[in-house]
Amino acid sequence: MYVDDILLTWSNSAVLHRLITLLQSEFKLRDLGSVHFFLGIEVKSTAMGILLSQHKYALDIIQRAGMTSCKPVDTHLSASSKLGLIPGNLYSDPTRYRQIVGALQYLTFTRPDICYPVNKVCQFMHALTEDHWSAIKRILRYL
């Protein structure tokens with residue numbers, strides 16, 4: 001069996017090293033040392049603890065959506081926006097919509113501030129309109 005991308009962490013380094021030694025006695029594994037980047041998440045140790053960031057991943061999403069030169073906004077969802085199953089112009093590229101929304105869902109691991117609007121745009125994957133795509137663009141402009 002081959003397992004890739006496993007991360008072990010513990011507040012007590014002696015216990016962590018004993019666990020790694022135990023695992024090495026049963027399995028072939030490589031200890032890559034301190035983590036700096038894991039599954040698209042940047043990991044930085046600070047005096048206060050561990051800081052997780054997906055800055056590069058967020059920039060990649062913005063680039064995939066073709067919005068690298070967009071004007072930023074201060075809020076992730078317009079106060080006047082009423083997303084729902086409303087009749088309107090259907091969005092022409094549902095695959096692109098779903099890819100961007102899926103990427104935004106993964107980004108919520110380190111950006112809980114976008115959980116609500118991302119959840120809202122996920123609710124309409126079966127009936128996408130231009131208004132829903134505009135909501136996605138608003139989230140991207142916020143990022």
# chains A, B, ... in the order shown; residues from 1 in each chain; ligands from 1
>>> residues_around(residues="A:Thr68", least_positions_apart="5", cutoff="9 Å", atoms="only C-alpha atoms", output="VMD selection string")
chain A and resid 59 62 to 63
>>> residues_around(residues="A:Tyr116", least_positions_apart="2", cutoff="12 Å", atoms="only C-alpha atoms", output="list in words")
Thr75, His76, Leu77, Leu104, Gln105, Thr108, Arg111, Pro112, Asp113, Ile114, Val118, Asn119, Lys120, Val121, Cys122, Gln123, Ala135 and Ile139 of chain A
>>> atom_distance(atom1="atom CA of A:Val101", atom2="atom CA of A:Lys82")
18.0 Å
>>> select_by_dssp(residues="stretch 70-137 of chain A", states="alpha helix (DSSP H)", output="NGL selection string")
:A and (94-107 or 115-122 or 130-137)
>>> residues_around(residues="stretch 39-46 of chain A", least_positions_apart="4", cutoff="8 Å", atoms="only C-alpha atoms", output="VMD selection string")
chain A and resid 5 35 50 to 55 57
>>> closest_residue(among="A:Ala58, A:Lys137, A:Leu29, A:Gly49", to="A:Thr110", atoms="only C-alpha atoms")
A:Ala58
>>> closest_residue(among="A:Arg64, A:Leu128, A:Leu16, A:Cys70", to="A:Gln99", atoms="only C-alpha atoms")
A:Arg64
>>> closest_residue(among="A:Leu23, A:Leu90, A:Ile100, A:Leu83", to="A:Pro117", atoms="only C-alpha atoms")
A:Leu83
>>> closest_residue(among="A:His126, A:His36, A:Arg138, A:Lys71", to="A:Pro94", atoms="only C-alpha atoms")
A:His126
>>> atom_distance(atom1="atom CA of A:Asp60", atom2="atom CA of A:Ser34")
24.9 Å
>>> closest_residue(among="A:Leu143, A:Val73, A:Ile61, A:Ile20", to="A:Gly102", atoms="only C-alpha atoms")
A:Ile61
>>> select_by_dssp(residues="stretch 13-142 of chain A", states="strand (DSSP E or B)", output="list in words")
Phe37, Phe38, Ile41, Glu42, Val43, Lys44, Ser45, Thr46, Gly49, Ile50, Leu51, Leu52, Ser53, Leu90 and Thr129 of chain A
>>> residues_around(residues="A:Tyr91", least_positions_apart="2", cutoff="6 Å", atoms="only C-alpha atoms", output="list in words")
Asp93, Leu128, Thr129 and Glu130 of chain A
